[in-house]
Structure formats: C-alpha cells, structure tokens
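Listing of start.cif, mmCIF, C-alpha atoms
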data_structure
#
loop_
_atom_site.group_PDB
_atom_site.id
_atom_site.type_symbol
_atom_site.label_atom_id
_atom_site.label_comp_id
_atom_site.auth_asym_id
_atom_site.auth_seq_id
_atom_site.Cartn_x
_atom_site.Cartn_y
_atom_site.Cartn_z
ATOM 1 C CA MET Z 15 50.423 285.171 -92.760
ATOM 2 C CA LYS Z 16 52.678 282.106 -92.760
ATOM 3 C CA THR Z 17 50.660 280.597 -95.620
ATOM 4 C CA LYS Z 18 50.970 283.783 -97.716
ATOM 5 C CA THR Z 19 54.723 283.901 -97.126
ATOM 6 C CA SER Z 20 55.072 280.244 -98.032
ATOM 7 C CA LEU Z 21 53.001 280.735 -101.185
ATOM 8 C CA PHE Z 22 55.042 283.786 -102.220
ATOM 9 C CA LEU Z 23 58.346 281.982 -101.680
ATOM 10 C CA SER Z 24 57.074 278.882 -103.524
ATOM 11 C CA VAL Z 25 56.097 280.975 -106.550
ATOM 12 C CA LEU Z 26 59.421 282.855 -106.438
ATOM 13 C CA VAL Z 27 61.571 279.726 -106.286
ATOM 14 C CA SER Z 28 59.443 277.910 -108.877
ATOM 15 C CA SER Z 29 59.809 280.870 -111.235
ATOM 16 C CA ILE Z 30 63.550 280.847 -110.749
ATOM 17 C CA LEU Z 31 63.780 277.113 -111.388
ATOM 18 C CA ILE Z 32 62.009 277.306 -114.754
ATOM 19 C CA LEU Z 33 64.226 280.076 -116.096
ATOM 20 C CA PRO Z 34 66.594 278.942 -118.806
ATOM 21 C CA VAL Z 35 70.060 278.081 -117.583
ATOM 22 C CA ALA Z 36 72.179 281.165 -118.154
ATOM 23 C CA GLU Z 37 75.526 282.191 -116.847
ATOM 24 C CA ALA Z 38 76.048 285.471 -115.062
ATOM 25 C CA HIS Z 39 79.591 285.548 -116.315
ATOM 26 C CA THR Z 40 79.500 288.223 -118.970
ATOM 27 C CA PHE Z 41 83.037 289.483 -119.010
ATOM 28 C CA GLY Z 42 83.371 293.218 -119.541
ATOM 29 C CA ALA Z 43 79.715 293.939 -118.792
ATOM 30 C CA GLU Z 44 78.826 297.591 -118.618
ATOM 31 C CA GLY Z 45 77.634 299.144 -115.395
ATOM 32 C CA ALA Z 46 78.920 300.786 -112.297
ATOM 33 C CA GLY Z 47 78.822 300.507 -108.578
ATOM 34 C CA LEU Z 48 76.338 299.299 -106.039
ATOM 35 C CA ALA Z 49 73.388 298.631 -108.360
ATOM 36 C CA ALA Z 50 75.476 296.615 -110.835
ATOM 37 C CA GLY Z 51 76.922 294.529 -108.008
ATOM 38 C CA PHE Z 52 73.510 293.960 -106.457
ATOM 39 C CA ILE Z 53 71.902 292.899 -109.731
ATOM 40 C CA HIS Z 54 74.751 290.620 -110.807
ATOM 41 C CA PRO Z 55 73.811 287.514 -108.723
ATOM 42 C CA PHE Z 56 70.250 287.694 -110.103
ATOM 43 C CA MET Z 57 71.459 287.651 -113.720
ATOM 44 C CA GLY Z 58 72.665 284.071 -113.859
ATOM 45 C CA LEU Z 59 70.863 280.949 -112.801
ATOM 46 C CA ASP Z 60 74.076 279.379 -111.511
ATOM 47 C CA HIS Z 61 74.665 282.104 -108.916
ATOM 48 C CA LEU Z 62 71.008 282.526 -108.095
ATOM 49 C CA LEU Z 63 70.424 278.836 -107.395
ATOM 50 C CA ALA Z 64 73.642 278.462 -105.407
ATOM 51 C CA MET Z 65 72.853 281.419 -103.133
ATOM 52 C CA ILE Z 66 69.314 280.197 -102.403
ATOM 53 C CA ALA Z 67 70.545 276.609 -101.965
ATOM 54 C CA VAL Z 68 73.092 277.674 -99.345
ATOM 55 C CA GLY Z 69 70.234 279.203 -97.341
ATOM 56 C CA ILE Z 70 68.058 276.108 -97.705
ATOM 57 C CA TRP Z 71 70.886 273.779 -96.676
ATOM 58 C CA ALA Z 72 71.795 276.022 -93.728
ATOM 59 C CA TRP Z 73 68.200 275.799 -92.479
ATOM 60 C CA GLN Z 74 68.222 272.055 -93.036
ATOM 61 C CA LEU Z 75 71.401 271.748 -90.930
ATOM 62 C CA GLY Z 76 69.772 273.756 -88.149
ATOM 63 C CA GLY Z 77 71.317 275.110 -84.973
ATOM 64 C CA ARG Z 78 74.274 277.449 -85.355
ATOM 65 C CA ALA Z 79 74.672 276.439 -89.011
ATOM 66 C CA VAL Z 80 71.662 278.595 -89.894
ATOM 67 C CA TRP Z 81 73.896 281.603 -89.211
ATOM 68 C CA PHE Z 82 77.440 280.338 -89.712
ATOM 69 C CA VAL Z 83 76.995 278.711 -93.134
ATOM 70 C CA PRO Z 84 75.571 281.827 -94.884
ATOM 71 C CA ILE Z 85 77.931 284.176 -93.017
ATOM 72 C CA THR Z 86 80.899 282.088 -94.167
ATOM 73 C CA PHE Z 87 79.729 282.228 -97.776
ATOM 74 C CA VAL Z 88 79.141 285.985 -97.644
ATOM 75 C CA SER Z 89 82.507 286.570 -95.919
ATOM 76 C CA MET Z 90 84.544 284.515 -98.376
ATOM 77 C CA MET Z 91 83.064 286.043 -101.522
ATOM 78 C CA PRO Z 92 84.724 289.495 -101.315
ATOM 79 C CA ILE Z 93 88.055 287.900 -100.409
ATOM 80 C CA ALA Z 94 87.872 285.690 -103.492
ATOM 81 C CA ALA Z 95 86.623 288.615 -105.584
ATOM 82 C CA THR Z 96 89.897 290.465 -104.923
ATOM 83 C CA PHE Z 97 91.728 287.607 -106.636
ATOM 84 C CA GLY Z 98 89.368 287.895 -109.593
ATOM 85 C CA LEU Z 99 89.945 291.654 -109.709
ATOM 86 C CA SER Z 100 93.695 291.129 -109.765
ATOM 87 C CA ARG Z 101 93.229 288.621 -112.621
ATOM 88 C CA PHE Z 102 94.949 285.943 -110.530
ATOM 89 C CA SER Z 103 94.580 282.720 -112.484
ATOM 90 C CA LEU Z 104 92.093 280.287 -110.984
ATOM 91 C CA PRO Z 105 91.298 277.513 -113.473
ATOM 92 C CA ILE Z 106 88.037 275.657 -113.994
ATOM 93 C CA ILE Z 107 85.764 278.389 -112.617
ATOM 94 C CA GLU Z 108 82.631 277.411 -114.543
ATOM 95 C CA PRO Z 109 82.921 273.645 -113.853
ATOM 96 C CA ALA Z 110 83.610 274.380 -110.162
ATOM 97 C CA ILE Z 111 80.503 276.584 -109.933
ATOM 98 C CA ALA Z 112 78.434 273.874 -111.634
ATOM 99 C CA CYS Z 113 79.859 271.282 -109.235
ATOM 100 C CA SER Z 114 78.884 273.485 -106.277
ATOM 101 C CA LEU Z 115 75.278 273.240 -107.502
ATOM 102 C CA LEU Z 116 75.579 269.471 -107.866
ATOM 103 C CA ILE Z 117 76.980 269.027 -104.364
ATOM 104 C CA LEU Z 118 74.422 271.376 -102.794
ATOM 105 C CA GLY Z 119 71.673 269.506 -104.648
ATOM 106 C CA LEU Z 120 72.888 266.163 -103.319
ATOM 107 C CA LEU Z 121 73.251 267.533 -99.779
ATOM 108 C CA ILE Z 122 69.737 268.969 -99.799
ATOM 109 C CA LEU Z 123 68.141 265.955 -101.518
ATOM 110 C CA GLY Z 124 69.830 263.522 -99.132
ATOM 111 C CA ALA Z 125 69.170 265.698 -96.063
ATOM 112 C CA VAL Z 126 72.876 265.379 -95.303
ATOM 113 C CA ARG Z 127 73.854 266.879 -91.943
ATOM 114 C CA LEU Z 128 77.600 267.383 -91.836
ATOM 115 C CA PRO Z 129 79.429 268.686 -88.762
ATOM 116 C CA LEU Z 130 79.436 272.493 -88.598
ATOM 117 C CA ILE Z 131 83.162 272.876 -89.330
ATOM 118 C CA ILE Z 132 82.928 270.720 -92.465
ATOM 119 C CA SER Z 133 79.764 272.520 -93.619
ATOM 120 C CA VAL Z 134 81.431 275.900 -93.166
ATOM 121 C CA CYS Z 135 84.585 274.806 -95.008
ATOM 122 C CA LEU Z 136 82.535 273.370 -97.868
ATOM 123 C CA VAL Z 137 80.459 276.502 -98.462
ATOM 124 C CA GLY Z 138 83.600 278.590 -97.995
ATOM 125 C CA LEU Z 139 85.160 276.669 -100.890
ATOM 126 C CA PHE Z 140 82.049 277.219 -103.015
ATOM 127 C CA ALA Z 141 82.182 280.930 -102.177
ATOM 128 C CA VAL Z 142 85.765 281.133 -103.448
ATOM 129 C CA PHE Z 143 84.654 280.170 -106.954
ATOM 130 C CA HIS Z 144 81.511 282.302 -106.926
ATOM 131 C CA GLY Z 145 83.352 285.301 -105.450
ATOM 132 C CA TYR Z 146 86.245 284.939 -107.901
ATOM 133 C CA ALA Z 147 83.768 284.984 -110.798
ATOM 134 C CA HIS Z 148 82.143 288.145 -109.398
ATOM 135 C CA GLY Z 149 85.520 289.863 -109.140
ATOM 136 C CA LEU Z 150 86.568 288.749 -112.607
ATOM 137 C CA GLU Z 151 83.356 290.145 -114.070
ATOM 138 C CA LEU Z 152 83.590 293.542 -112.410
ATOM 139 C CA PRO Z 153 82.756 296.111 -115.090
ATOM 140 C CA GLN Z 154 85.740 298.335 -115.798
ATOM 141 C CA THR Z 155 83.657 301.429 -115.092
ATOM 142 C CA ALA Z 156 82.516 300.167 -111.681
ATOM 143 C CA SER Z 157 83.793 301.061 -108.246
ATOM 144 C CA PRO Z 158 85.187 297.800 -106.813
ATOM 145 C CA ALA Z 159 84.070 298.663 -103.266
ATOM 146 C CA LEU Z 160 80.500 299.613 -104.232
ATOM 147 C CA TYR Z 161 80.173 296.663 -106.617
ATOM 148 C CA SER Z 162 81.347 294.299 -103.862
ATOM 149 C CA ILE Z 163 78.907 295.760 -101.352
ATOM 150 C CA GLY Z 164 76.152 295.261 -103.918
ATOM 151 C CA PHE Z 165 76.855 291.585 -104.550
ATOM 152 C CA ILE Z 166 77.369 290.939 -100.830
ATOM 153 C CA LEU Z 167 73.941 292.443 -100.056
ATOM 154 C CA ALA Z 168 72.301 290.446 -102.864
ATOM 155 C CA THR Z 169 73.992 287.238 -101.701
ATOM 156 C CA ALA Z 170 72.815 287.770 -98.119
ATOM 157 C CA LEU Z 171 69.289 288.476 -99.380
ATOM 158 C CA LEU Z 172 69.255 285.279 -101.460
ATOM 159 C CA HIS Z 173 70.561 283.224 -98.511
ATOM 160 C CA GLY Z 174 67.786 284.746 -96.410
ATOM 161 C CA LEU Z 175 65.214 283.825 -99.066
ATOM 162 C CA GLY Z 176 66.457 280.229 -99.008
ATOM 163 C CA ILE Z 177 66.241 280.076 -95.215
ATOM 164 C CA GLY Z 178 62.816 281.721 -95.201
ATOM 165 C CA PHE Z 179 61.542 279.448 -97.946
ATOM 166 C CA ALA Z 180 62.648 276.302 -96.123
ATOM 167 C CA HIS Z 181 61.411 277.583 -92.756
ATOM 168 C CA SER Z 182 57.961 278.659 -93.912
ATOM 169 C CA SER Z 183 57.180 275.613 -96.034
ATOM 170 C CA ARG Z 184 54.628 273.214 -94.597
ATOM 171 C CA GLN Z 185 55.640 270.593 -97.152
ATOM 172 C CA TYR Z 186 59.405 270.736 -96.673
ATOM 173 C CA LYS Z 187 60.009 267.144 -97.833
ATOM 174 C CA ILE Z 188 58.495 267.977 -101.223
ATOM 175 C CA ILE Z 189 60.504 271.223 -101.401
ATOM 176 C CA GLN Z 190 63.639 269.314 -100.406
ATOM 177 C CA ARG Z 191 63.199 266.815 -103.229
ATOM 178 C CA LEU Z 192 62.254 269.452 -105.785
ATOM 179 C CA THR Z 193 65.164 271.712 -104.839
ATOM 180 C CA GLY Z 194 67.736 268.920 -104.734
ATOM 181 C CA CYS Z 195 66.659 267.487 -108.092
ATOM 182 C CA SER Z 196 66.498 270.948 -109.697
ATOM 183 C CA LEU Z 197 70.029 271.766 -108.552
ATOM 184 C CA ILE Z 198 71.337 268.459 -109.875
ATOM 185 C CA VAL Z 199 69.662 269.006 -113.271
ATOM 186 C CA ALA Z 200 70.914 272.621 -113.452
ATOM 187 C CA SER Z 201 74.467 271.507 -112.618
ATOM 188 C CA GLY Z 202 74.311 268.889 -115.366
ATOM 189 C CA LEU Z 203 73.167 271.491 -117.900
ATOM 190 C CA LEU Z 204 75.924 273.873 -116.810
ATOM 191 C CA LEU Z 205 78.569 271.161 -116.971
ATOM 192 C CA ALA Z 206 77.381 270.142 -120.442
ATOM 193 C CA ALA Z 207 77.653 273.785 -121.567
ATOM 194 C CA THR Z 208 81.283 274.164 -120.388
#

Spell out the structure here as structure tokens.
Amino acid sequence: MKTKTSLFLSVLVSSILILPVAEAHTFGAEGAGLAAGFIHPFMGLDHLLAMIAVGIWAWQLGGRAVWFVPITFVSMMPIAATFGLSRFSLPIIEPAIACSLLILGLLILGAVRLPLIISVCLVGLFAVFHGYAHGLELPQTASPALYSIGFILATALLHGLGIGFAHSSRQYKIIQRLTGCSLIVASGLLLAAT
C-alpha cells in the first residue's frame, strides 16, 4: 500500500512539475463561490508548487512543525485575502510569490531546519502574499466567504499532499533534490516573467 501511495504521489508531483509555468492571477476571472475558490490554487503553477512545498518542508522540519507550519500558512491566507478584497495596495506581489518559491526551494534542497518560531513566521509571510493574491483575484460574482473556504480547503489539501509525498517516499533524498531544484527553476522563470 505504501508503495502504491508513493508511486501515485510521485506521478502527481512529477506531472505538476512539468506543467508550463503559468500564473493563477487572472484578474476579474469569472466564477462564483466555493468551487471557484477551491479550483483557484490548482490553476497556477506558482500557487500549486508553493502549497505542496510548504507541506514537504514541514515534514522535513519534523516534530510540531509538521502541524504548525501548514496551519500557519492556512490561517494567514484568509487574513491577507481580506486586504486583497479591499484593494489595499501591497506592491511587488508577483516577485514576492516567486521569491517564496525560491526560498522554499533552497530550504528544501539544503535540508534547512530552522527553529519553529522562525519557520512559522517565514511561511506566514509567504501566506500574506499568496492570500493577498487570492483576495485580489476574487471574481466579482463570487461570494467572498465561500470563495475563501474553497481556497483554504484546497491549500490544506495541497499541504497534506506535500506532507504525504515526503512521508511516503522511500527515496526522500532524491525527492528533496528534485523538489528543491524544481522550485528554484520555477521561481527563476516567474521572476523573469515579471
């Protein structure tokens, strides 16, 4: 069973990594409610990779970080989304999101184990930019509450996939290198596009 799960997660993450770099930030996108919010993180490689990477890094940190790091990210996103909804000006969103991928890639590749409080603060900062972008992109026809619940559920699912992927892999060192390098390359492509 563990081998089947590991194989499934390997295929899933590999498929995600070969997708073309695309941004989920389509301002004024049509849609409404829970389904639109849930689908949104899957529509852009930047969000998708960041959410999975947070789960992988949380597992790599181990201990209480496995729970606290993803919970912090998920908790900060709706708070930041309210600023995006209010059109509060937060500059350099796209470069900050790309930099979050770069930093997560370096942390995973280097197997960096920061103290829990620093790890939580770091992913909380990343969540501010990702959450703000989600709020800014809320379709005008959508219910803000349902849309937020949707992207929170999708984010938690993607964190869980990252944790599960890292946990079930028998060849974690290879996965660690592949994931770290992929995140660094994706961040470079995103930064070049901004």

Starting from 3 Å padding per side, set up an axis-aligned box that covers all listed atoms of region 120-136 of chain Z and hand over centre and edge lengths in Å, one decimal, as JSON.
{"center_x": 76.4, "center_y": 269.7, "center_z": -96.0, "size_x": 22.4, "size_y": 18.4, "size_z": 20.7}

For the structure provided, state which residues fall under the PyMOL selection byres ((chain Z and resi 106) around 12), and present them as a VMD selection string. chain Z and resid 103 to 105 107 to 113 143 to 144 146 to 147 205 208

Those same residues, written as a PDB file, in the frame of the given file with C-alpha atoms?
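Heads up, here's the output in selection-v5.pdb:
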ATOM      1  CA  SER Z 103      94.580 282.720-112.484  1.00  0.00           C
ATOM      2  CA  LEU Z 104      92.093 280.287-110.984  1.00  0.00           C
ATOM      3  CA  PRO Z 105      91.298 277.513-113.473  1.00  0.00           C
ATOM      4  CA  ILE Z 107      85.764 278.389-112.617  1.00  0.00           C
ATOM      5  CA  GLU Z 108      82.631 277.411-114.543  1.00  0.00           C
ATOM      6  CA  PRO Z 109      82.921 273.645-113.853  1.00  0.00           C
ATOM      7  CA  ALA Z 110      83.610 274.380-110.162  1.00  0.00           C
ATOM      8  CA  ILE Z 111      80.503 276.584-109.933  1.00  0.00           C
ATOM      9  CA  ALA Z 112      78.434 273.874-111.634  1.00  0.00           C
ATOM     10  CA  CYS Z 113      79.859 271.282-109.235  1.00  0.00           C
ATOM     11  CA  PHE Z 143      84.654 280.170-106.954  1.00  0.00           C
ATOM     12  CA  HIS Z 144      81.511 282.302-106.926  1.00  0.00           C
ATOM     13  CA  TYR Z 146      86.245 284.939-107.901  1.00  0.00           C
ATOM     14  CA  ALA Z 147      83.768 284.984-110.798  1.00  0.00           C
ATOM     15  CA  LEU Z 205      78.569 271.161-116.971  1.00  0.00           C
ATOM     16  CA  THR Z 208      81.283 274.164-120.388  1.00  0.00           C
TER      17      THR Z 208
END

Assuming the chain letters and numbering stay as they are in my file, what does the PyMOL selection byres ((chain Z and resi 115) around 8) actually select? List them as a PDB file with C-alpha atoms, keeping the file's coordinate frame.
ATOM      1  CA  ASP Z  60      74.076 279.379-111.511  1.00  0.00           C
ATOM      2  CA  LEU Z  63      70.424 278.836-107.395  1.00  0.00           C
ATOM      3  CA  ALA Z  64      73.642 278.462-105.407  1.00  0.00           C
ATOM      4  CA  ILE Z 111      80.503 276.584-109.933  1.00  0.00           C
ATOM      5  CA  ALA Z 112      78.434 273.874-111.634  1.00  0.00           C
ATOM      6  CA  CYS Z 113      79.859 271.282-109.235  1.00  0.00           C
ATOM      7  CA  SER Z 114      78.884 273.485-106.277  1.00  0.00           C
ATOM      8  CA  LEU Z 116      75.579 269.471-107.866  1.00  0.00           C
ATOM      9  CA  ILE Z 117      76.980 269.027-104.364  1.00  0.00           C
ATOM     10  CA  LEU Z 118      74.422 271.376-102.794  1.00  0.00           C
ATOM     11  CA  GLY Z 119      71.673 269.506-104.648  1.00  0.00           C
ATOM     12  CA  LEU Z 197      70.029 271.766-108.552  1.00  0.00           C
ATOM     13  CA  ILE Z 198      71.337 268.459-109.875  1.00  0.00           C
ATOM     14  CA  ALA Z 200      70.914 272.621-113.452  1.00  0.00           C
ATOM     15  CA  SER Z 201      74.467 271.507-112.618  1.00  0.00           C
TER      16      SER Z 201
END

Evaluate the PyMOL selection byres ((chain Z and resi 167) around 12) against this structure - the residues, as a PyMOL selection string, please. chain Z and resi 48-56+65+84-85+87-89+91-92+160-166+168-174

Between CA of Cys135 (chain Z) and CA of Ala79 (chain Z), what is the distance in Å, rounded to a tenth?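 Value for the CA of Cys135 (chain Z)-CA of Ala79 (chain Z) distance: 11.7 Å.
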
So the first atom is CA of Arg101 (chain Z) and the second is CA of Phe140 (chain Z); what is the distance between them in Å, to one decimal place?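 Computing the Euclidean distance for CA of Arg101 (chain Z) and CA of Phe140 (chain Z) yields 18.6 Å.
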
Take CA of Ala125 (chain Z) and CA of Leu62 (chain Z) and report the distance between them in Å, one decimal.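 Straight-line distance from CA of Ala125 (chain Z) to CA of Leu62 (chain Z) works out to 20.8 Å.
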
For Pro158 (chain Z), which of Z:Gly202, Z:Gly98, Z:Gly76, Z:Gly178 is the closest residue, counting only C-alpha atoms?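 Among Z:Gly202, Z:Gly98, Z:Gly76, Z:Gly178, it is Z:Gly98 that comes nearest to Pro158 (chain Z).
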
The residue from Z:Ala206, Z:Met57, Z:Val83, Z:Leu192 with the smallest atom-to-atom distance to Ile132 (chain Z), counting all atoms listed in the file, is Z:Val83

Among listed residues Z:Ala207, Z:Leu75, Z:Leu175, Z:Leu152, nearest Leu99 (chain Z) (using only C-alpha atoms):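 Once distances to Leu99 (chain Z) are computed over only C-alpha atoms, the minimum belongs to Z:Leu152.
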
From the set Z:Gly77, Z:Gly47, Z:Gly138, Z:Gly69, which residue has the shortest atom-to-atom contact distance to Ala180 (chain Z), counting only C-alpha atoms?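 Answer, going by the shortest atom-to-atom distance: Z:Gly69.
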
Taking all atoms listed in the file into account, which of Z:Gly176, Z:Gly145, Z:Gly124, Z:Gly58 comes nearest Thr86 (chain Z)? Z:Gly145
